[in-house]
file model27.cif (mmCIF, C-alpha atoms, pLDDT in the B column; chains and numbers go by the auth columns)
data_structure
loop_
_atom_site.group_PDB
_atom_site.id
_atom_site.type_symbol
_atom_site.label_atom_id
_atom_site.label_comp_id
_atom_site.label_asym_id
_atom_site.label_seq_id
_atom_site.Cartn_x
_atom_site.Cartn_y
_atom_site.Cartn_z
_atom_site.B_iso_or_equiv
_atom_site.auth_seq_id
_atom_site.auth_asym_id
ATOM 1 C CA MET A 1 5.233 27.702 -33.461 73.00 1006 Q
ATOM 2 C CA LEU A 2 3.197 29.913 -35.795 77.00 1007 Q
ATOM 3 C CA VAL A 3 -0.365 30.822 -34.904 78.00 1008 Q
ATOM 4 C CA TYR A 4 -2.873 30.671 -37.761 83.00 1009 Q
ATOM 5 C CA ASP A 5 -6.116 30.889 -35.782 89.00 1010 Q
ATOM 6 C CA LYS A 6 -7.651 34.361 -36.231 94.00 1011 Q
ATOM 7 C CA ARG A 7 -9.414 34.116 -32.869 94.00 1012 Q
ATOM 8 C CA GLU A 8 -6.201 33.270 -31.039 92.00 1013 Q
ATOM 9 C CA ILE A 9 -4.464 36.232 -32.668 95.00 1014 Q
ATOM 10 C CA GLY A 10 -7.408 38.439 -31.740 96.00 1015 Q
ATOM 11 C CA ASN A 11 -7.299 37.214 -28.143 94.00 1016 Q
ATOM 12 C CA LYS A 12 -3.600 38.020 -27.952 95.00 1017 Q
ATOM 13 C CA LEU A 13 -4.262 41.525 -29.244 97.00 1018 Q
ATOM 14 C CA LEU A 14 -7.078 41.961 -26.736 96.00 1019 Q
ATOM 15 C CA ALA A 15 -4.868 40.899 -23.826 95.00 1020 Q
ATOM 16 C CA ILE A 16 -2.024 43.186 -24.908 96.00 1021 Q
ATOM 17 C CA ARG A 17 -4.373 46.134 -25.450 96.00 1022 Q
ATOM 18 C CA LYS A 18 -6.002 45.667 -22.042 96.00 1023 Q
ATOM 19 C CA LYS A 19 -2.601 45.358 -20.373 95.00 1024 Q
ATOM 20 C CA LEU A 20 -1.636 48.704 -21.904 97.00 1025 Q
ATOM 21 C CA GLY A 21 -4.930 50.260 -20.799 96.00 1026 Q
ATOM 22 C CA LEU A 22 -5.990 51.223 -24.323 97.00 1027 Q
ATOM 23 C CA THR A 23 -9.405 51.120 -25.954 97.00 1028 Q
ATOM 24 C CA GLN A 24 -10.079 49.593 -29.346 98.00 1029 Q
ATOM 25 C CA GLU A 25 -10.696 53.091 -30.666 98.00 1030 Q
ATOM 26 C CA GLU A 26 -7.289 54.287 -29.453 98.00 1031 Q
ATOM 27 C CA VAL A 27 -5.431 51.356 -31.013 98.00 1032 Q
ATOM 28 C CA ALA A 28 -7.318 51.828 -34.279 98.00 1033 Q
ATOM 29 C CA GLU A 29 -6.531 55.545 -34.370 98.00 1034 Q
ATOM 30 C CA ILE A 30 -2.835 55.065 -33.558 97.00 1035 Q
ATOM 31 C CA SER A 31 -2.643 52.267 -36.140 97.00 1036 Q
ATOM 32 C CA GLY A 32 -4.314 54.360 -38.816 97.00 1037 Q
ATOM 33 C CA ILE A 33 -7.115 51.866 -39.407 97.00 1038 Q
ATOM 34 C CA SER A 34 -10.838 52.091 -38.809 97.00 1039 Q
ATOM 35 C CA TYR A 35 -12.321 51.194 -35.453 97.00 1040 Q
ATOM 36 C CA ARG A 36 -14.558 48.595 -37.134 97.00 1041 Q
ATOM 37 C CA THR A 37 -11.569 46.896 -38.791 97.00 1042 Q
ATOM 38 C CA TYR A 38 -9.629 46.723 -35.544 98.00 1043 Q
ATOM 39 C CA ALA A 39 -12.656 45.438 -33.625 97.00 1044 Q
ATOM 40 C CA ASP A 40 -13.187 42.707 -36.234 97.00 1045 Q
ATOM 41 C CA ILE A 41 -9.499 41.715 -36.079 97.00 1046 Q
ATOM 42 C CA GLU A 42 -9.614 41.522 -32.290 97.00 1047 Q
ATOM 43 C CA ARG A 43 -12.783 39.393 -32.468 96.00 1048 Q
ATOM 44 C CA GLY A 44 -11.009 37.085 -34.903 95.00 1049 Q
ATOM 45 C CA THR A 45 -13.629 37.417 -37.609 95.00 1050 Q
ATOM 46 C CA VAL A 46 -11.375 38.745 -40.377 94.00 1051 Q
ATOM 47 C CA ASN A 47 -7.911 38.215 -41.762 92.00 1052 Q
ATOM 48 C CA MET A 48 -5.591 41.185 -41.653 94.00 1053 Q
ATOM 49 C CA ARG A 49 -3.046 42.240 -44.218 93.00 1054 Q
ATOM 50 C CA ILE A 50 0.623 42.180 -43.294 93.00 1055 Q
ATOM 51 C CA GLU A 51 0.761 45.976 -43.381 95.00 1056 Q
ATOM 52 C CA THR A 52 -2.168 46.190 -40.990 97.00 1057 Q
ATOM 53 C CA ALA A 53 -0.516 43.746 -38.588 96.00 1058 Q
ATOM 54 C CA LEU A 54 2.654 45.837 -38.652 96.00 1059 Q
ATOM 55 C CA TYR A 55 0.720 49.058 -37.951 97.00 1060 Q
ATOM 56 C CA ILE A 56 -1.049 47.412 -35.013 97.00 1061 Q
ATOM 57 C CA CYS A 57 2.198 45.989 -33.642 96.00 1062 Q
ATOM 58 C CA LYS A 58 3.817 49.414 -33.857 96.00 1063 Q
ATOM 59 C CA ALA A 59 0.852 50.990 -32.050 97.00 1064 Q
ATOM 60 C CA LEU A 60 1.050 48.406 -29.269 97.00 1065 Q
ATOM 61 C CA HIS A 61 4.865 48.503 -29.082 96.00 1066 Q
ATOM 62 C CA ILE A 62 5.164 44.790 -29.803 96.00 1067 Q
ATOM 63 C CA THR A 63 6.681 42.633 -32.519 94.00 1068 Q
ATOM 64 C CA PRO A 64 4.751 40.376 -34.906 94.00 1069 Q
ATOM 65 C CA ASN A 65 6.208 37.427 -32.963 91.00 1070 Q
ATOM 66 C CA ASP A 66 4.117 38.490 -29.986 92.00 1071 Q
ATOM 67 C CA ILE A 67 0.888 37.774 -31.850 93.00 1072 Q
ATOM 68 C CA PHE A 68 1.813 35.279 -34.572 92.00 1073 Q
ATOM 69 C CA THR A 69 3.793 32.768 -32.528 89.00 1074 Q
ATOM 70 C CA GLN A 70 3.201 30.767 -29.433 82.00 1075 Q
ATOM 71 C CA GLU A 71 5.635 29.178 -27.090 73.00 1076 Q
ATOM 72 C CA ASN A 72 5.965 25.467 -27.547 67.00 1077 Q
ATOM 73 C CA VAL A 73 4.897 24.235 -24.115 64.00 1078 Q
ATOM 74 C CA THR A 74 5.967 20.687 -24.925 74.00 1079 Q
ATOM 75 C CA ILE A 75 9.565 21.744 -25.531 76.00 1080 Q
ATOM 76 C CA ASN A 76 9.674 23.808 -22.339 77.00 1081 Q
ATOM 77 C CA ALA A 77 8.266 20.903 -20.327 81.00 1082 Q
ATOM 78 C CA LYS A 78 10.857 18.548 -21.812 84.00 1083 Q
ATOM 79 C CA GLN A 79 13.634 21.033 -21.030 87.00 1084 Q
ATOM 80 C CA GLU A 80 12.490 21.268 -17.404 88.00 1085 Q
ATOM 81 C CA GLU A 81 12.342 17.483 -17.181 89.00 1086 Q
ATOM 82 C CA ILE A 82 15.937 17.230 -18.411 91.00 1087 Q
ATOM 83 C CA PHE A 83 17.097 19.886 -15.923 91.00 1088 Q
ATOM 84 C CA GLU A 84 15.463 17.946 -13.095 92.00 1089 Q
ATOM 85 C CA ARG A 85 17.137 14.738 -14.228 92.00 1090 Q
ATOM 86 C CA LEU A 86 20.513 16.522 -14.391 93.00 1091 Q
ATOM 87 C CA LYS A 87 20.075 17.687 -10.789 93.00 1092 Q
ATOM 88 C CA GLN A 88 19.918 14.044 -9.717 94.00 1093 Q
ATOM 89 C CA CYS A 89 23.173 13.115 -11.490 94.00 1094 Q
ATOM 90 C CA THR A 90 26.593 12.877 -9.931 95.00 1095 Q
ATOM 91 C CA PRO A 91 29.056 15.656 -10.805 95.00 1096 Q
ATOM 92 C CA ARG A 92 30.828 13.327 -13.242 96.00 1097 Q
ATOM 93 C CA GLU A 93 27.541 12.370 -14.956 95.00 1098 Q
ATOM 94 C CA LYS A 94 26.594 16.042 -15.242 95.00 1099 Q
ATOM 95 C CA GLU A 95 29.932 16.859 -16.829 95.00 1100 Q
ATOM 96 C CA THR A 96 29.549 14.047 -19.359 95.00 1101 Q
ATOM 97 C CA ALA A 97 25.977 15.076 -20.213 94.00 1102 Q
ATOM 98 C CA LEU A 98 26.953 18.733 -20.643 93.00 1103 Q
ATOM 99 C CA ASN A 99 29.950 17.800 -22.806 93.00 1104 Q
ATOM 100 C CA LEU A 100 27.717 15.678 -25.032 94.00 1105 Q
ATOM 101 C CA LEU A 101 25.239 18.524 -25.343 91.00 1106 Q
ATOM 102 C CA ALA A 102 28.049 20.977 -26.181 92.00 1107 Q
ATOM 103 C CA VAL A 103 29.345 18.664 -28.931 92.00 1108 Q
ATOM 104 C CA TYR A 104 25.841 18.344 -30.375 88.00 1109 Q
ATOM 105 C CA LEU A 105 25.220 22.115 -30.309 89.00 1110 Q
ATOM 106 C CA ASP A 106 28.620 22.776 -31.905 89.00 1111 Q
ATOM 107 C CA SER A 107 27.679 20.389 -34.713 90.00 1112 Q
ATOM 108 C CA LEU A 108 24.685 22.582 -35.579 87.00 1113 Q
ATOM 109 C CA THR A 109 26.833 25.533 -36.634 76.00 1114 Q
#
call {"tool": "encode", "arguments": {"input": "model27.cif", "output": "C-alpha cells"}}
result
Amino acid sequence: MLVYDKREIGNKLLAIRKKLGLTQEEVAEISGISYRTYADIERGTVNMRIETALYICKALHITPNDIFTQENVTINAKQEEIFERLKQCTPREKETALNLLAVYLDSLT
C-alpha cells in the first residue's frame, strides 16, 4: 500500500538513518541537498520532489519502496490465519486446498 503521509515517510527516513548511524547532515551531503531541506523532509513538514527522493534513497542504500510503501498487515494476518487453518486439515483436505489455490493462481497469468 502506498504511503502518502509526509510524517510517516519522514519517520521511515529517520529510522533508516539512525539504523545506519548517520546524521541528518551526512545524509544531506551525500544526497546533494541542503541540511535544512533534509531536516524538513524527515520532520514531514514538506513534500519532496521525485528526484530528491531518489537521491536520498541512493544515499541510504534503499529503494523508494522502503519509504513510500507499507506492508499490508491485514493481508499478512489473513495469510497466517489460513496457514493455521491448513495445519488443522487432514492430508487429503490440504491437498485439495492447495490444488484449488494452484488453479486460482494459474488463472491469474
call {"tool": "atom_distance", "arguments": {"input": "model27.cif", "atom1": "CA of Ala1044 in chain Q", "atom2": "CA of Gln1075 in chain Q"}}
result
22.0 Å
call {"tool": "atom_distance", "arguments": {"input": "model27.cif", "atom1": "CA of Glu1085 in chain Q", "atom2": "CA of Lys1017 in chain Q"}}
result
25.5 Å
call {"tool": "closest_residue", "arguments": {"input": "model27.cif", "among": "Q:Leu1027, Q:Leu1018, Q:Ile1046, Q:Leu1103", "to": "Ile1072 in chain Q", "atoms": "all atoms listed in the file"}}
result
Q:Leu1018
call {"tool": "axis_aligned_box", "arguments": {"input": "model27.cif", "around": "range 1073-1082 of chain Q", "padding_each_side": "8 Å", "output": "AutoDock Vina command-line options"}}
result
--center_x 5.7 --center_y 28.0 --center_z -27.4 --size_x 23.9 --size_y 30.6 --size_z 30.2
call {"tool": "residues_around", "arguments": {"input": "model27.cif", "residues": "Gly1037 in chain Q", "least_positions_apart": "5", "cutoff": "12 Å", "atoms": "all atoms listed in the file", "output": "PyMOL selection string"}}
result
chain Q and resi 1030-1032+1042-1043+1056-1064
call {"tool": "atom_distance", "arguments": {"input": "model27.cif", "atom1": "CA of Asn1081 in chain Q", "atom2": "CA of Tyr1009 in chain Q"}}
result
21.0 Å
call {"tool": "closest_residue", "arguments": {"input": "model27.cif", "among": "Q:Leu1025, Q:Leu1019, Q:Leu1065, Q:Ala1107", "to": "Asp1045 in chain Q", "atoms": "all atoms listed in the file"}}
result
Q:Leu1019
call {"tool": "closest_residue", "arguments": {"input": "model27.cif", "among": "Q:Gln1029, Q:Thr1101, Q:Ser1036, Q:Asn1016", "to": "Arg1048 in chain Q", "atoms": "only C-alpha atoms"}}
result
Q:Asn1016
